[in-house]
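Student: File name upload-v5.txt; file contents compact mmCIF, C-alpha atoms; full text below.
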```txt
# COMPACT_ATOMS: atom_id res chain seq x y z
CA MET L 1 5.71 -11.82 21.83
CA ARG L 2 2.39 -10.50 20.54
CA VAL L 3 1.72 -11.41 16.91
CA ARG L 4 -1.09 -10.01 14.83
CA PRO L 5 -2.33 -13.09 12.92
CA ALA L 6 -3.36 -13.02 9.30
CA ALA L 7 -7.04 -12.10 9.09
CA VAL L 8 -7.78 -12.48 5.37
CA ALA L 9 -5.50 -15.34 4.28
CA GLY L 10 -7.65 -17.82 2.42
CA THR L 11 -10.05 -15.13 1.21
CA PHE L 12 -8.09 -12.18 -0.24
CA TYR L 13 -5.04 -14.32 -1.01
CA PRO L 14 -4.02 -18.01 -0.66
CA ASP L 15 -3.43 -19.36 2.82
CA GLU L 16 -1.05 -22.15 1.80
CA PRO L 17 2.56 -20.84 1.91
CA ALA L 18 3.88 -22.53 -1.24
CA ILE L 19 0.84 -21.54 -3.29
CA LEU L 20 0.95 -17.97 -1.99
CA ALA L 21 4.65 -17.63 -2.78
CA ARG L 22 4.11 -18.95 -6.30
CA VAL L 23 1.12 -16.66 -6.93
CA VAL L 24 3.03 -13.55 -5.83
CA ASP L 25 6.18 -14.52 -7.72
CA ASP L 26 4.17 -15.13 -10.89
CA LEU L 27 2.45 -11.75 -10.54
CA LEU L 28 5.80 -9.98 -10.08
CA THR L 29 7.31 -11.80 -13.05
CA GLU L 30 4.42 -10.90 -15.32
CA ALA L 31 4.46 -7.27 -14.15
CA ALA L 32 8.18 -7.03 -14.93
CA ARG L 33 7.46 -8.16 -18.50
CA GLN L 34 5.00 -5.31 -18.97
CA VAL L 35 7.26 -2.41 -17.96
CA ARG L 36 10.66 -1.07 -18.85
CA THR L 37 13.64 -2.46 -16.98
CA VAL L 38 14.82 -0.41 -14.00
CA PRO L 39 18.64 -0.31 -13.63
CA ALA L 40 19.93 -2.35 -10.70
CA ASP L 41 21.86 0.64 -9.33
CA THR L 42 18.83 2.94 -9.23
CA THR L 43 17.91 4.76 -6.03
CA PRO L 44 15.13 2.93 -4.17
CA PRO L 45 11.72 4.51 -4.61
CA LYS L 46 10.57 6.51 -1.63
CA ALA L 47 6.96 5.43 -1.83
CA LEU L 48 4.46 3.23 -3.62
CA ILE L 49 0.70 3.48 -3.97
CA ALA L 50 -0.94 0.13 -4.66
CA PRO L 51 -4.39 -1.50 -4.40
CA HIS L 52 -5.71 -3.88 -1.75
CA ALA L 53 -8.47 -6.05 -3.20
CA GLY L 54 -8.32 -9.81 -3.54
CA TYR L 55 -5.30 -10.88 -5.54
CA VAL L 56 -7.41 -12.30 -8.37
CA TYR L 57 -8.75 -8.79 -8.94
CA SER L 58 -6.02 -6.31 -7.99
CA GLY L 59 -2.94 -8.52 -7.71
CA PRO L 60 -1.65 -7.77 -11.23
CA VAL L 61 -1.85 -4.02 -10.60
CA ALA L 62 -0.25 -4.25 -7.16
CA ALA L 63 2.56 -6.27 -8.73
CA SER L 64 3.18 -3.39 -11.14
CA ALA L 65 4.19 -1.32 -8.12
CA TYR L 66 6.08 -4.00 -6.22
CA GLN L 67 8.21 -5.08 -9.17
CA ARG L 68 9.93 -1.69 -8.82
CA LEU L 69 11.44 -2.97 -5.57
CA VAL L 70 13.10 -6.04 -7.01
CA PRO L 71 16.29 -4.31 -8.31
CA VAL L 72 16.80 -2.61 -4.91
CA ALA L 73 15.39 -5.37 -2.73
CA ASP L 74 18.44 -5.59 -0.45
CA ARG L 75 18.47 -1.86 0.31
CA ILE L 76 15.08 -1.43 1.97
CA GLU L 77 15.06 -2.12 5.69
CA ARG L 78 11.85 -0.52 6.92
CA VAL L 79 8.36 -0.18 5.46
CA VAL L 80 5.86 2.41 6.71
CA LEU L 81 2.49 1.06 5.58
CA LEU L 82 -0.67 3.20 5.58
CA GLY L 83 -4.17 2.15 4.61
CA PRO L 84 -7.76 3.22 5.11
CA ALA L 85 -10.03 2.03 7.91
CA HIS L 86 -12.80 -0.15 6.45
CA ARG L 87 -14.04 -1.81 9.65
CA SER L 88 -13.33 0.64 12.45
CA PRO L 89 -14.27 4.23 11.52
CA MET L 90 -11.99 6.77 13.18
CA ARG L 91 -11.16 10.44 13.06
CA THR L 92 -7.39 10.16 13.12
CA MET L 93 -4.90 7.27 12.84
CA ALA L 94 -4.08 4.12 14.78
CA LEU L 95 -0.96 2.08 15.51
CA SER L 96 -0.71 -1.64 16.29
CA SER L 97 0.61 -2.90 19.63
CA ALA L 98 1.80 -6.18 18.12
CA ASP L 99 5.47 -7.11 18.06
CA ALA L 100 5.09 -8.77 14.66
CA TRP L 101 2.53 -9.30 11.91
CA ALA L 102 2.08 -12.77 10.42
CA THR L 103 1.15 -14.06 6.99
CA PRO L 104 1.41 -17.63 5.69
CA LEU L 105 4.92 -16.65 4.53
CA GLY L 106 6.13 -15.87 8.05
CA GLU L 107 6.30 -13.05 10.57
CA VAL L 108 7.40 -9.46 9.95
CA PRO L 109 8.74 -7.60 13.02
CA ILE L 110 7.23 -4.26 13.92
CA ASP L 111 9.36 -1.11 13.95
CA ALA L 112 9.04 -0.50 17.70
CA ALA L 113 11.19 2.64 17.67
CA GLY L 114 9.08 4.24 14.95
CA ARG L 115 5.89 3.29 16.76
CA ALA L 116 7.19 4.86 19.97
CA ARG L 117 8.08 8.04 18.10
CA LEU L 118 4.57 8.33 16.71
CA ALA L 119 2.95 7.41 20.01
CA GLU L 120 4.89 10.20 21.69
CA ALA L 121 3.48 12.54 19.04
CA GLY L 122 -0.05 11.53 19.96
CA VAL L 123 -0.92 8.76 17.49
CA PRO L 124 -2.95 6.22 19.51
CA VAL L 125 -2.57 2.46 19.61
CA ASP L 126 -5.83 0.73 18.67
CA ASP L 127 -5.64 -2.97 17.91
CA ARG L 128 -9.35 -3.11 17.12
CA ALA L 129 -8.69 -0.99 14.03
CA HIS L 130 -6.06 -3.47 12.84
CA ALA L 131 -7.60 -6.81 13.82
CA GLN L 132 -9.70 -7.45 10.70
CA GLU L 133 -8.41 -4.71 8.40
CA HIS L 134 -7.37 -6.06 5.00
CA SER L 135 -6.04 -2.84 3.44
CA LEU L 136 -2.66 -3.26 5.14
CA GLU L 137 -2.37 -7.03 5.40
CA VAL L 138 -2.68 -7.82 1.70
CA HIS L 139 0.54 -5.91 0.99
CA LEU L 140 2.70 -8.03 3.26
CA PRO L 141 3.11 -11.09 1.00
CA PHE L 142 4.23 -8.80 -1.84
CA LEU L 143 6.79 -7.19 0.47
CA GLN L 144 7.93 -10.57 1.77
CA ARG L 145 8.57 -11.85 -1.75
CA ALA L 146 9.90 -8.65 -3.34
CA LEU L 147 12.40 -7.73 -0.58
CA THR L 148 15.36 -10.05 -0.15
CA GLY L 149 16.60 -8.88 3.25
CA PRO L 150 14.93 -8.56 6.64
CA PHE L 151 12.74 -5.51 7.13
CA THR L 152 10.59 -4.01 9.84
CA LEU L 153 7.02 -2.83 9.44
CA LEU L 154 5.22 0.22 10.80
CA PRO L 155 1.50 -0.27 10.03
CA ILE L 156 -0.85 2.71 10.38
CA VAL L 157 -4.61 2.65 9.83
CA VAL L 158 -5.77 6.08 8.65
CA GLY L 159 -9.23 7.48 9.31
CA TRP L 160 -10.57 10.94 8.49
CA ALA L 161 -7.22 12.62 9.00
CA THR L 162 -6.22 15.74 7.09
CA PRO L 163 -3.43 15.61 4.49
CA ASP L 164 -1.15 17.73 6.69
CA ALA L 165 -1.78 15.52 9.73
CA VAL L 166 -0.79 12.42 7.77
CA ALA L 167 2.21 14.21 6.25
CA ASP L 168 3.33 15.30 9.74
CA VAL L 169 3.23 11.66 10.86
CA LEU L 170 5.20 10.57 7.80
CA ASP L 171 7.82 13.24 8.42
CA ARG L 172 8.51 11.75 11.86
CA VAL L 173 9.41 8.38 10.35
CA TRP L 174 10.57 9.50 6.89
CA GLY L 175 14.09 8.13 7.20
CA GLY L 176 16.42 7.77 4.24
CA PRO L 177 16.63 5.39 1.28
CA GLU L 178 16.32 2.45 3.68
CA THR L 179 12.71 3.47 4.44
CA LEU L 180 9.88 2.78 1.99
CA VAL L 181 6.40 4.25 2.39
CA VAL L 182 3.51 2.20 1.01
CA VAL L 183 0.00 3.62 0.76
CA SER L 184 -2.92 1.29 0.14
CA THR L 185 -5.95 2.33 -1.90
CA ASP L 186 -8.41 1.15 -4.51
CA LEU L 187 -9.99 3.70 -6.83
CA SER L 188 -13.62 4.06 -7.96
CA HIS L 189 -16.19 1.50 -6.82
CA TYR L 190 -19.08 -0.18 -8.65
CA HIS L 191 -19.44 1.96 -11.75
CA PRO L 192 -19.87 0.55 -15.28
CA TYR L 193 -16.54 -0.19 -16.94
CA ASP L 194 -16.28 2.86 -19.22
CA GLU L 195 -17.54 5.27 -16.57
CA ALA L 196 -15.06 3.86 -14.05
CA ALA L 197 -12.20 4.16 -16.53
CA ALA L 198 -12.94 7.86 -17.05
CA LEU L 199 -13.20 8.49 -13.30
CA ASP L 200 -10.00 6.60 -12.57
CA HIS L 201 -8.04 8.40 -15.27
CA ARG L 202 -9.01 11.71 -13.69
CA THR L 203 -8.05 10.45 -10.24
CA ALA L 204 -4.72 9.11 -11.52
CA ALA L 205 -3.96 12.47 -13.13
CA ALA L 206 -4.69 14.21 -9.84
CA ILE L 207 -2.37 11.84 -7.97
CA VAL L 208 0.43 12.36 -10.50
CA ALA L 209 -0.09 16.12 -10.09
CA ARG L 210 0.26 15.67 -6.29
CA SER L 211 -3.21 17.11 -5.72
CA VAL L 212 -4.58 16.75 -2.19
CA GLU L 213 -8.15 17.12 -3.51
CA VAL L 214 -8.67 13.36 -4.05
CA VAL L 215 -11.79 12.32 -2.10
CA PRO L 216 -13.10 8.97 -0.78
CA ASP L 217 -15.64 8.63 -3.61
CA GLU L 218 -12.67 8.52 -6.00
CA ALA L 219 -10.34 6.39 -3.86
CA CYS L 220 -11.21 4.52 -0.67
CA GLY L 221 -7.72 5.32 0.64
CA ALA L 222 -8.04 9.02 -0.14
CA HIS L 223 -6.91 10.12 3.32
CA PRO L 224 -3.58 8.24 3.38
CA VAL L 225 -3.10 9.04 -0.33
CA THR L 226 -3.53 12.78 0.10
CA GLY L 227 -1.31 12.68 3.18
CA LEU L 228 1.43 11.05 1.13
CA LEU L 229 0.90 13.61 -1.64
CA ALA L 230 1.23 16.44 0.88
CA ALA L 231 4.51 14.86 2.01
CA ALA L 232 5.53 14.53 -1.65
CA GLN L 233 5.05 18.27 -2.06
CA ARG L 234 7.22 18.94 1.01
CA HIS L 235 9.98 16.61 -0.17
CA ASP L 236 9.63 17.41 -3.89
CA LEU L 237 8.94 13.85 -4.96
CA ARG L 238 7.87 12.98 -8.48
CA VAL L 239 4.81 10.73 -8.91
CA GLU L 240 4.68 8.28 -11.82
CA LEU L 241 1.69 6.21 -12.88
CA LEU L 242 2.71 2.59 -13.46
CA ASP L 243 -0.59 0.82 -14.06
CA LEU L 244 -4.29 1.67 -14.21
CA ARG L 245 -6.87 -1.06 -14.61
CA SER L 246 -10.07 -2.31 -13.03
CA SER L 247 -11.64 -5.58 -12.00
CA GLY L 248 -13.23 -5.56 -15.46
CA ASP L 249 -9.72 -5.99 -16.91
CA THR L 250 -8.58 -8.70 -14.52
CA ALA L 251 -11.19 -11.11 -13.20
CA GLY L 252 -14.64 -9.58 -12.96
CA PRO L 253 -17.66 -8.54 -15.02
CA ARG L 254 -17.84 -5.06 -16.52
CA ASP L 255 -21.24 -3.89 -15.31
CA GLN L 256 -19.88 -2.86 -11.89
CA VAL L 257 -16.12 -2.62 -11.48
CA VAL L 258 -13.56 -1.50 -8.93
CA GLY L 259 -10.62 0.57 -10.13
CA TYR L 260 -6.98 -0.03 -9.25
CA GLY L 261 -3.88 2.09 -9.76
CA ALA L 262 -0.18 1.60 -9.12
CA PHE L 263 2.13 4.59 -8.62
CA VAL L 264 5.77 5.10 -7.64
CA LEU L 265 7.18 8.21 -5.92
CA THR L 266 10.84 9.03 -6.41
```
Could you spell out this file's structure in structure tokens?

Tutor:
Amino acid sequence: MRVRPAAVAGTFYPDEPAILARVVDDLLTEAARQVRTVPADTTPPKALIAPHAGYVYSGPVAASAYQRLVPVADRIERVVLLGPAHRSPMRTMALSSADAWATPLGEVPIDAAGRARLAEAGVPVDDRAHAQEHSLEVHLPFLQRALTGPFTLLPIVVGWATPDAVADVLDRVWGGPETLVVVSTDLSHYHPYDEAAALDHRTAAAIVARSVEVVPDEACGAHPVTGLLAAAQRHDLRVELLDLRSSGDTAGPRDQVVGYGAFVLT
């Protein structure tokens, strides 16, 4: 069995299993205190948008998205995970050939049937794009702690693909309430705190409005985000902003910050 090993454990998040589990659980618990309670019988969200920086910076905001899974944790069986390509620039998208992805919390099996469906549609397999990419990996510990049952993973690195191309891929693996789509993105990068806050509020408003005009200068995951928003238009999903902060609010200085947003699509 081919396993994609954790590439950023020990840098973006703890590499010791017990410490990692405690960190994620504490983030989820604190996020749940900050938002209204979601009824346990609610329909599972169809998609989340969450950030992918080191946990000390973006973990609290990511937890604001993942806490929405806790009441429906036993009902999600497959996660389609899309994130931007930071290390391997590409024009389209890329699948992983691995049979499972590993974190310090264990291995997550790959959705082989979904991968085959996308491969038949022309999405290539490129392990180089996945080998060191953090934008997907950092979400796995949150999924492993928030979901109570076994689930499969379909990881997709997204390059300079159009919104419709990404939406077409999502439609092929859309599934029902058992399938969750997660899109990974940070927001503005390296602006002063107040300037970043203004930029990120505009970007968040565009995402809530399901605009496909979000660009990489506003969100490093703009291509998977706009693809999800195009799919949201097709499926008439509602987008809700859950959290909007920056590294200046969490663990960094305020002269140059990175913005983070958490959104749920229902």

Student: For CA of Glu120 (chain L) and CA of Gly176 (chain L), determine how far apart the two atoms are, in Å to one decimal place.

Tutor: 21.1 Å

Student: Quick one: everything within 12 Å of Glu195 (chain L), counting only C-alpha atoms, minus sequence neighbours fewer than 2 positions away in the same chain. Send it as a PyMOL selection string.

Tutor: chain L and resi 188-193+197-202+246+248+254-259

Student: Measuring atom to atom with only C-alpha atoms, identify which of L:Leu153, L:Val169, L:Ala94, L:Ile76 is nearest to Pro45 (chain L).

Tutor: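 Under the stated criterion, the closest residue is L:Ile76.
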
Student: When you count all atoms listed in the file, which of these residues is closest to Arg33 (chain L): L:Pro60, L:Gly114, L:Pro84, L:Pro89?

Tutor: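 Under the stated criterion, the closest residue is L:Pro60.
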
Student: To one decimal in Å, tell me the separation between CA of Ala131 (chain L) and CA of Ser96 (chain L).

Tutor: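 Those two atoms sit 9.0 Å apart.
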
Student: How many Å separate CA of Arg91 (chain L) from CA of Ala231 (chain L)?

Tutor: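 CA of Ala231 (chain L) lies at a distance of 19.7 Å from CA of Arg91 (chain L).
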
Student: Which is closer to His134 (chain L) than all the others in L:Val264, L:Ala98, L:Ala6, L:Ala167, using all atoms listed in the file?

Tutor: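 Smallest separation from His134 (chain L) among the options: L:Ala6.
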
Student: Would you mind telling me which residue in L:Pro224, L:Pro177, L:Pro253, L:Pro44 lies nearest to Gln67 (chain L) when using only C-alpha atoms?

Tutor: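 That would be L:Pro44, the residue with the smallest distance to Gln67 (chain L).
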
Student: For Val181 (chain L), which residue among L:Thr266, L:Thr42, L:Ser88, L:Thr250 is the nearest when counting all atoms listed in the file?

Tutor: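 Going through L:Thr266, L:Thr42, L:Ser88, L:Thr250 one by one, the smallest distance to Val181 (chain L) is for L:Thr266.
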
Student: So which one's closest to Val173 (chain L), L:Val79, L:Ala222, L:Ala85, L:Val208? Using all atoms listed in the file, please.

Tutor: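 Using all atoms listed in the file, Val173 (chain L) sits closest to L:Val79.
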
Student: Counting all atoms listed in the file, what are the residues of region 113-219 of chain L within 12 Å of region 13-30 of chain L, and for each of them which pair of atoms is the nearest and at what distance in Å, to one decimal? Sort the table by chain and rising number, as a tab-separated table.

Tutor:
```
residue	atom	partner	partner_atom	distance
L:His134	CA	L:Tyr13	CA	10.5
L:Glu137	CA	L:Tyr13	CA	10.1
L:Val138	CA	L:Tyr13	CA	7.4
L:His139	CA	L:Tyr13	CA	10.3
L:Leu140	CA	L:Val24	CA	10.6
L:Pro141	CA	L:Val24	CA	7.3
L:Phe142	CA	L:Val24	CA	6.3
L:Leu143	CA	L:Val24	CA	9.7
L:Gln144	CA	L:Ala21	CA	9.0
L:Arg145	CA	L:Asp25	CA	7.0
L:Ala146	CA	L:Leu28	CA	8.0
L:Leu147	CA	L:Asp25	CA	11.7
```

Student: I want to know what sits within 12 Å of Gly159 (chain L), based on only C-alpha atoms, with residues of the same chain fewer than 4 positions away left out; could you give that as a list in words?

Tutor: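 After dropping sequence-adjacent residues, the list is Leu82, Gly83, Pro84, Ala85, His86, Arg87, Ser88, Pro89, Met90, Arg91, Thr92, Met93, Ala94, Leu95, Val123, Ala129, His130, Pro163, Ala165, Val166, Pro216, Cys220, Gly221, Ala222, His223, Pro224, Val225 and Gly227 of chain L.
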